[in-house]
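**Q** My file is data20.csv. It has CSV, N, CA and C atoms:
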```csv
chain,number,residue,atom,x,y,z
A,1,MET,N,87.4,142.9,83.0
A,1,MET,CA,86.1,143.2,82.5
A,1,MET,C,86.1,144.3,81.5
A,2,THR,N,86.9,145.4,81.8
A,2,THR,CA,87.0,146.5,80.8
A,2,THR,C,87.7,146.1,79.6
A,3,LEU,N,88.7,145.2,79.7
A,3,LEU,CA,89.4,144.7,78.5
A,3,LEU,C,88.4,144.0,77.5
A,4,LEU,N,87.6,143.1,78.1
A,4,LEU,CA,86.6,142.4,77.2
A,4,LEU,C,85.6,143.4,76.6
A,5,PHE,N,85.2,144.4,77.4
A,5,PHE,CA,84.3,145.4,76.8
A,5,PHE,C,84.9,146.2,75.7
A,6,ASN,N,86.2,146.5,75.9
A,6,ASN,CA,86.9,147.3,74.9
A,6,ASN,C,87.1,146.5,73.6
A,7,ILE,N,87.4,145.2,73.7
A,7,ILE,CA,87.5,144.3,72.5
A,7,ILE,C,86.2,144.2,71.8
A,8,ILE,N,85.1,144.0,72.5
A,8,ILE,CA,83.8,143.9,71.8
A,8,ILE,C,83.4,145.2,71.2
A,9,PHE,N,83.7,146.3,71.8
A,9,PHE,CA,83.4,147.6,71.2
A,9,PHE,C,84.2,147.9,70.0
A,10,ILE,N,85.5,147.5,69.9
A,10,ILE,CA,86.4,147.7,68.8
A,10,ILE,C,85.9,146.8,67.6
A,11,ILE,N,85.6,145.6,67.9
A,11,ILE,CA,85.1,144.7,66.8
A,11,ILE,C,83.8,145.1,66.3
A,12,THR,N,82.9,145.6,67.1
A,12,THR,CA,81.6,146.1,66.6
A,12,THR,C,81.8,147.4,65.8
A,13,SER,N,82.6,148.2,66.2
A,13,SER,CA,82.9,149.5,65.5
A,13,SER,C,83.5,149.2,64.1
A,14,ILE,N,84.4,148.2,64.1
A,14,ILE,CA,85.1,147.9,62.8
A,14,ILE,C,84.0,147.3,61.8
A,15,LEU,N,83.1,146.4,62.3
A,15,LEU,CA,82.1,145.8,61.5
A,15,LEU,C,81.1,146.8,61.0
A,16,LEU,N,80.7,147.7,61.8
A,16,LEU,CA,79.8,148.8,61.4
A,16,LEU,C,80.5,149.7,60.4
A,17,GLY,N,81.7,150.0,60.5
A,17,GLY,CA,82.5,150.8,59.6
A,17,GLY,C,82.6,150.2,58.2
A,18,VAL,N,83.0,148.9,58.2
A,18,VAL,CA,83.1,148.1,57.0
A,18,VAL,C,81.7,148.0,56.3
A,19,GLY,N,80.7,147.8,57.0
A,19,GLY,CA,79.3,147.7,56.5
A,19,GLY,C,78.9,149.0,55.8
A,20,ALA,N,79.2,150.1,56.5
A,20,ALA,CA,78.9,151.5,56.0
A,20,ALA,C,79.6,151.7,54.7
A,21,VAL,N,80.9,151.4,54.6
A,21,VAL,CA,81.7,151.7,53.4
A,21,VAL,C,81.2,150.8,52.3
A,22,MET,N,80.8,149.5,52.6
A,22,MET,CA,80.3,148.6,51.5
A,22,MET,C,79.0,149.2,51.0
A,23,LEU,N,78.1,149.7,51.8
A,23,LEU,CA,76.9,150.3,51.3
A,23,LEU,C,77.1,151.5,50.4
A,24,ILE,N,78.0,152.3,50.8
A,24,ILE,CA,78.4,153.5,50.0
A,24,ILE,C,78.9,153.1,48.7
A,25,VAL,N,79.9,152.2,48.6
A,25,VAL,CA,80.5,151.7,47.4
A,25,VAL,C,79.4,151.1,46.5
A,26,ARG,N,78.6,150.2,47.1
A,26,ARG,CA,77.5,149.6,46.3
A,26,ARG,C,76.5,150.6,45.7
A,27,ASN,N,76.2,151.6,46.4
A,27,ASN,CA,75.3,152.7,45.9
A,27,ASN,C,76.0,153.4,44.8
A,28,ILE,N,77.2,153.7,44.9
A,28,ILE,CA,78.0,154.4,43.8
A,28,ILE,C,78.0,153.6,42.5
A,29,ILE,N,78.3,152.3,42.7
A,29,ILE,CA,78.3,151.4,41.5
A,29,ILE,C,76.9,151.3,40.8
A,30,ASP,N,75.8,151.2,41.6
A,30,ASP,CA,74.5,151.2,41.0
A,30,ASP,C,74.2,152.5,40.3
A,31,ILE,N,74.6,153.7,40.9
A,31,ILE,CA,74.3,154.9,40.2
A,31,ILE,C,75.1,155.0,38.9
A,32,ASN,N,76.3,154.5,38.9
A,32,ASN,CA,77.1,154.6,37.6
A,32,ASN,C,76.4,153.7,36.6
A,33,LYS,N,75.8,152.5,37.0
A,33,LYS,CA,75.2,151.7,36.0
A,33,LYS,C,73.9,152.4,35.4
A,34,LEU,N,73.2,153.1,36.2
A,34,LEU,CA,72.0,153.8,35.8
A,34,LEU,C,72.4,154.9,34.8
A,35,ASN,N,73.5,155.6,35.1
A,35,ASN,CA,73.9,156.7,34.3
A,35,ASN,C,74.7,156.4,33.0
A,36,ASN,N,75.0,155.1,32.9
A,36,ASN,CA,75.8,154.6,31.7
A,36,ASN,C,74.9,154.6,30.5
A,37,PRO,N,75.1,155.4,29.5
A,37,PRO,CA,74.2,155.4,28.3
A,37,PRO,C,74.4,154.2,27.4
A,38,LYS,N,75.5,153.5,27.6
A,38,LYS,CA,75.8,152.3,26.7
A,38,LYS,C,74.9,151.1,27.1
A,39,THR,N,74.4,151.2,28.3
A,39,THR,CA,73.6,150.0,28.8
A,39,THR,C,72.2,150.0,28.1
A,40,ILE,N,71.9,148.9,27.5
A,40,ILE,CA,70.6,148.8,26.8
A,40,ILE,C,69.7,147.8,27.6
A,41,LEU,N,68.6,148.3,27.9
A,41,LEU,CA,67.6,147.4,28.6
A,41,LEU,C,67.0,146.5,27.7
A,42,LYS,N,67.0,145.2,28.0
A,42,LYS,CA,66.4,144.2,27.1
A,42,LYS,C,65.2,143.6,27.8
A,43,ASN,N,64.3,143.0,27.0
A,43,ASN,CA,63.1,142.4,27.5
A,43,ASN,C,62.2,143.3,28.3
A,44,LEU,N,62.0,144.5,27.7
A,44,LEU,CA,61.1,145.5,28.4
A,44,LEU,C,59.7,145.0,28.4
A,45,HIS,N,59.2,144.4,27.3
A,45,HIS,CA,57.8,143.9,27.2
A,45,HIS,C,57.8,142.8,26.2
A,46,PRO,N,57.0,141.8,26.4
A,46,PRO,CA,57.0,140.7,25.4
A,46,PRO,C,56.6,141.1,24.0
A,47,GLU,N,55.7,142.1,23.9
A,47,GLU,CA,55.3,142.5,22.5
A,47,GLU,C,56.4,143.2,21.8
A,48,LEU,N,57.4,143.7,22.5
A,48,LEU,CA,58.5,144.5,21.8
A,48,LEU,C,59.7,143.6,21.5
A,49,GLU,N,59.6,142.3,21.5
A,49,GLU,CA,60.7,141.5,21.3
A,49,GLU,C,61.3,141.6,19.9
A,50,ASN,N,60.4,141.8,18.9
A,50,ASN,CA,60.9,141.8,17.5
A,50,ASN,C,61.1,143.3,17.0
A,51,VAL,N,60.9,144.2,17.8
A,51,VAL,CA,61.0,145.6,17.4
A,51,VAL,C,62.5,146.0,17.4
A,52,GLN,N,62.9,146.6,16.3
A,52,GLN,CA,64.3,147.0,16.2
A,52,GLN,C,64.4,148.6,16.4
A,53,THR,N,65.6,149.1,16.7
A,53,THR,CA,65.7,150.5,16.8
A,53,THR,C,65.5,151.2,15.5
A,54,GLY,N,64.6,152.2,15.5
A,54,GLY,CA,64.2,152.9,14.3
A,54,GLY,C,63.0,152.4,13.7
A,55,ASP,N,62.4,151.4,14.1
A,55,ASP,CA,61.1,150.9,13.6
A,55,ASP,C,60.0,151.9,13.9
A,56,GLU,N,59.1,152.1,13.0
A,56,GLU,CA,57.9,153.0,13.2
A,56,GLU,C,56.8,152.3,13.9
A,57,LEU,N,56.4,152.9,15.0
A,57,LEU,CA,55.3,152.4,15.8
A,57,LEU,C,54.1,153.2,15.7
A,58,MET,N,52.9,152.6,15.9
A,58,MET,CA,51.6,153.3,15.9
A,58,MET,C,51.5,154.0,17.2
A,59,THR,N,51.0,155.3,17.2
A,59,THR,CA,50.8,156.1,18.4
A,59,THR,C,49.4,156.6,18.4
A,60,VAL,N,48.9,157.0,19.5
A,60,VAL,CA,47.6,157.5,19.7
A,60,VAL,C,47.7,158.8,20.4
A,61,ASN,N,47.1,159.9,20.0
A,61,ASN,CA,47.1,161.2,20.6
A,61,ASN,C,45.6,161.5,21.1
A,62,PHE,N,45.4,161.5,22.4
A,62,PHE,CA,44.1,161.7,22.9
A,62,PHE,C,43.8,163.2,23.2
A,63,GLY,N,44.8,164.1,23.0
A,63,GLY,CA,44.6,165.5,23.3
A,63,GLY,C,43.9,166.3,22.3
A,64,GLU,N,44.0,166.0,21.0
A,64,GLU,CA,43.5,166.8,19.9
A,64,GLU,C,42.2,166.2,19.5
A,65,GLU,N,41.3,167.2,19.1
A,65,GLU,CA,40.0,166.8,18.6
A,65,GLU,C,40.0,166.9,17.0
A,66,LYS,N,39.4,166.0,16.4
A,66,LYS,CA,39.3,166.0,14.9
A,66,LYS,C,38.2,167.0,14.5
A,67,GLU,N,38.5,167.7,13.4
A,67,GLU,CA,37.5,168.7,12.9
A,67,GLU,C,36.4,168.0,12.2
A,68,ASP,N,36.7,166.9,11.5
A,68,ASP,CA,35.6,166.2,10.7
A,68,ASP,C,35.0,165.1,11.5
A,69,GLN,N,34.1,165.5,12.5
A,69,GLN,CA,33.5,164.5,13.3
A,69,GLN,C,32.2,164.1,12.7
A,70,ASP,N,31.6,163.1,13.2
A,70,ASP,CA,30.3,162.6,12.8
A,70,ASP,C,29.2,163.7,12.9
A,71,PRO,N,28.4,163.9,11.9
A,71,PRO,CA,27.4,165.0,12.0
A,71,PRO,C,26.4,164.7,13.1
A,72,LEU,N,26.0,163.5,13.3
A,72,LEU,CA,25.1,163.2,14.4
A,72,LEU,C,25.7,163.5,15.8
A,73,TYR,N,27.0,163.2,15.9
A,73,TYR,CA,27.6,163.6,17.2
A,73,TYR,C,27.7,165.1,17.4
A,74,LYS,N,28.0,165.8,16.3
A,74,LYS,CA,28.0,167.3,16.4
A,74,LYS,C,26.6,167.8,16.8
A,75,SER,N,25.6,167.3,16.2
A,75,SER,CA,24.2,167.9,16.5
A,75,SER,C,23.9,167.5,18.0
A,76,LEU,N,24.2,166.3,18.4
A,76,LEU,CA,23.9,165.9,19.8
A,76,LEU,C,24.7,166.8,20.8
A,77,LYS,N,26.0,167.0,20.4
A,77,LYS,CA,26.8,167.9,21.3
A,77,LYS,C,26.2,169.3,21.4
A,78,ASN,N,25.8,169.8,20.2
A,78,ASN,CA,25.2,171.2,20.2
A,78,ASN,C,23.9,171.2,21.0
A,79,ARG,N,23.1,170.2,20.9
A,79,ARG,CA,21.8,170.1,21.7
A,79,ARG,C,22.1,170.0,23.2
A,80,ILE,N,23.1,169.2,23.6
A,80,ILE,CA,23.5,169.1,25.0
A,80,ILE,C,23.9,170.5,25.5
A,81,ASN,N,24.7,171.2,24.7
A,81,ASN,CA,25.2,172.5,25.1
A,81,ASN,C,24.1,173.5,25.3
A,82,GLU,N,23.1,173.4,24.4
A,82,GLU,CA,21.9,174.3,24.5
A,82,GLU,C,21.1,174.0,25.7
A,83,LEU,N,20.9,172.8,26.0
A,83,LEU,CA,20.2,172.4,27.3
A,83,LEU,C,20.9,172.8,28.5
A,84,ASN,N,22.2,172.7,28.5
A,84,ASN,CA,23.0,173.1,29.6
A,84,ASN,C,22.9,174.7,29.8
A,85,ASP,N,22.9,175.4,28.7
A,85,ASP,CA,22.8,176.8,28.8
A,85,ASP,C,21.5,177.2,29.3
A,86,GLU,N,20.4,176.5,28.9
A,86,GLU,CA,19.1,176.8,29.4
A,86,GLU,C,19.0,176.6,30.9
A,87,LEU,N,19.6,175.5,31.4
A,87,LEU,CA,19.6,175.2,32.8
A,87,LEU,C,20.4,176.2,33.6
A,88,ASP,N,21.5,176.7,33.0
A,88,ASP,CA,22.3,177.8,33.7
A,88,ASP,C,21.5,179.1,33.8
A,89,ASP,N,20.7,179.4,32.7
A,89,ASP,CA,19.9,180.6,32.7
A,89,ASP,C,18.8,180.5,33.8
A,90,GLU,N,18.2,179.3,33.9
A,90,GLU,CA,17.1,179.1,34.9
A,90,GLU,C,17.7,179.2,36.3
A,91,ASP,N,18.9,178.7,36.5
A,91,ASP,CA,19.5,178.8,37.9
A,91,ASP,C,19.8,180.3,38.2
A,92,GLU,N,20.1,181.1,37.3
A,92,GLU,CA,20.4,182.5,37.6
A,92,GLU,C,19.1,183.2,37.9
A,93,ASP,N,18.0,182.8,37.4
A,93,ASP,CA,16.7,183.5,37.7
A,93,ASP,C,16.1,183.0,39.0
A,94,ASP,N,16.5,182.0,39.6
A,94,ASP,CA,15.9,181.5,40.8
A,94,ASP,C,16.1,182.6,41.9
A,95,ASP,N,15.0,182.8,42.6
A,95,ASP,CA,15.0,183.8,43.7
A,95,ASP,C,15.1,183.0,45.0
A,96,ASP,N,15.8,183.6,46.0
A,96,ASP,CA,15.9,182.9,47.3
A,96,ASP,C,14.9,183.5,48.3
A,97,ASP,N,13.7,184.0,47.8
A,97,ASP,CA,12.7,184.5,48.7
A,97,ASP,C,13.1,185.6,49.6
A,98,GLY,N,14.0,186.4,49.1
A,98,GLY,CA,14.5,187.6,49.9
A,98,GLY,C,15.4,187.2,51.0
A,99,GLY,N,15.8,186.0,51.1
A,99,GLY,CA,16.7,185.6,52.2
A,99,GLY,C,16.1,185.2,53.5
A,100,ASP,N,14.8,185.0,53.5
A,100,ASP,CA,14.1,184.6,54.7
A,100,ASP,C,14.6,183.3,55.3
A,101,VAL,N,14.8,183.3,56.6
A,101,VAL,CA,15.2,182.1,57.3
A,101,VAL,C,14.2,181.7,58.3
A,102,VAL,N,13.7,180.4,58.2
A,102,VAL,CA,12.7,179.9,59.1
A,102,VAL,C,13.4,178.9,60.0
A,103,ASP,N,13.3,179.1,61.3
A,103,ASP,CA,13.9,178.1,62.3
A,103,ASP,C,12.9,177.0,62.6
A,104,LYS,N,13.3,176.1,63.4
A,104,LYS,CA,12.5,174.9,63.7
A,104,LYS,C,11.2,175.1,64.4
A,105,ASN,N,11.1,176.3,65.0
A,105,ASN,CA,9.9,176.7,65.7
A,105,ASN,C,8.9,177.4,64.8
A,106,GLY,N,9.3,177.7,63.6
A,106,GLY,CA,8.4,178.4,62.7
A,106,GLY,C,8.6,179.9,62.6
A,107,TYR,N,9.6,180.4,63.4
A,107,TYR,CA,9.8,181.9,63.3
A,107,TYR,C,10.5,182.2,62.0
A,108,VAL,N,10.1,183.3,61.4
A,108,VAL,CA,10.7,183.8,60.2
A,108,VAL,C,11.6,185.0,60.5
A,109,TYR,N,12.8,184.8,60.1
A,109,TYR,CA,13.8,185.9,60.2
A,109,TYR,C,14.1,186.5,58.9
A,110,ARG,N,14.0,187.8,58.7
A,110,ARG,CA,14.2,188.4,57.5
A,110,ARG,C,15.5,189.3,57.6
A,111,PRO,N,16.3,189.4,56.5
A,111,PRO,CA,17.5,190.2,56.6
A,111,PRO,C,17.1,191.7,56.5
A,112,LEU,N,17.9,192.5,57.1
A,112,LEU,CA,17.6,193.9,57.1
A,112,LEU,C,18.0,194.5,55.8
A,113,GLU,N,17.1,195.4,55.3
A,113,GLU,CA,17.4,196.1,54.1
A,113,GLU,C,18.4,197.2,54.4
A,114,VAL,N,19.0,197.7,53.4
A,114,VAL,CA,20.1,198.8,53.5
A,114,VAL,C,19.5,200.0,54.1
A,115,GLU,N,18.2,200.3,53.7
A,115,GLU,CA,17.6,201.6,54.2
A,115,GLU,C,17.1,201.5,55.6
A,116,GLN,N,16.9,200.3,56.1
A,116,GLN,CA,16.5,200.2,57.5
A,116,GLN,C,17.6,200.5,58.5
A,117,LYS,N,17.2,201.2,59.6
A,117,LYS,CA,18.2,201.5,60.6
A,117,LYS,C,17.7,200.9,61.9
A,118,LEU,N,18.7,200.5,62.7
A,118,LEU,CA,18.4,200.0,64.0
A,118,LEU,C,18.5,201.1,65.0
A,119,ASP,N,17.5,201.2,65.8
A,119,ASP,CA,17.5,202.2,66.9
A,119,ASP,C,17.7,201.5,68.2
A,120,PHE,N,18.7,201.9,68.9
A,120,PHE,CA,18.9,201.3,70.2
A,120,PHE,C,18.7,202.3,71.3
```
Take the structure from the file and write it as structure tokens.
**A**
Amino acid sequence: MTLLFNIIFIITSILLGVGAVMLIVRNIIDINKLNNPKTILKNLHPELENVQTGDELMTVNFGEEKEDQDPLYKSLKNRINELNDELDDEDEDDDDDGGDVVDKNGYVYRPLEVEQKLDF
């Protein structure tokens, strides 16, 4: 019984060892293919089939704004900025009624002023 167990154990160990070495070798081969600068990827996109190396392509830059914008757009943008500034000014002027807190029973709690002292 122990002889059969030993044979099965040795065969399983050899198979696992060979499988591990094969995975390592395959991984190294794939890494070398990726790092090979001579490899040229083909058929990247169907629209690029007739594009040769060095051909000039049209590009779009969304990061920069043009100085010569439409005058109507400029005036609209200025008006929106003015309205936003007015709203910001109104928000700063809002008063919170001194910080009074009303609970569900209708009791009003007012915060203590700095000058007030608590006497215990």
**Q** Interatomic distance between atom CA of Ser13 of chain A and atom CA of Val25 of chain A?
**A**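 These atoms are spaced 18.4 Å apart.
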**Q** In Å, with one decimal, what is the gap from atom CA of Leu72 of chain A to atom N of Thr59 of chain A?
**A**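 Taking atom CA of Leu72 of chain A and atom N of Thr59 of chain A, their separation equals 27.2 Å.
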**Q** Can you list, as a ChimeraX atom specification, every protein, DNA or RNA residue that comes within 12 Å of Leu57 of chain A when you count only C-alpha atoms, leaving out same-chain residues fewer than 5 positions away?
**A** /A:47-48,51-52
**Q** Using N, CA and C atoms, can you write the selected residues to a file as a short mmCIF file (atom, residue, chain, number, x, y, z; two decimals), keeping the file's coordinate frame?
**A**
```cif
data_model
loop_
_atom_site.label_atom_id
_atom_site.label_comp_id
_atom_site.auth_asym_id
_atom_site.auth_seq_id
_atom_site.Cartn_x
_atom_site.Cartn_y
_atom_site.Cartn_z
N GLU A 47 55.70 142.10 23.90
CA GLU A 47 55.30 142.50 22.50
C GLU A 47 56.40 143.20 21.80
N LEU A 48 57.40 143.70 22.50
CA LEU A 48 58.50 144.50 21.80
C LEU A 48 59.70 143.60 21.50
N VAL A 51 60.90 144.20 17.80
CA VAL A 51 61.00 145.60 17.40
C VAL A 51 62.50 146.00 17.40
N GLN A 52 62.90 146.60 16.30
CA GLN A 52 64.30 147.00 16.20
C GLN A 52 64.40 148.60 16.40
#
```
**Q** Kindly give the distance, in Å, that separates atom C of Phe5 of chain A and atom N of Gly19 of chain A, rounded to a single decimal.
**A**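 Atom-to-atom, atom C of Phe5 of chain A to atom N of Gly19 of chain A, that is 19.2 Å.
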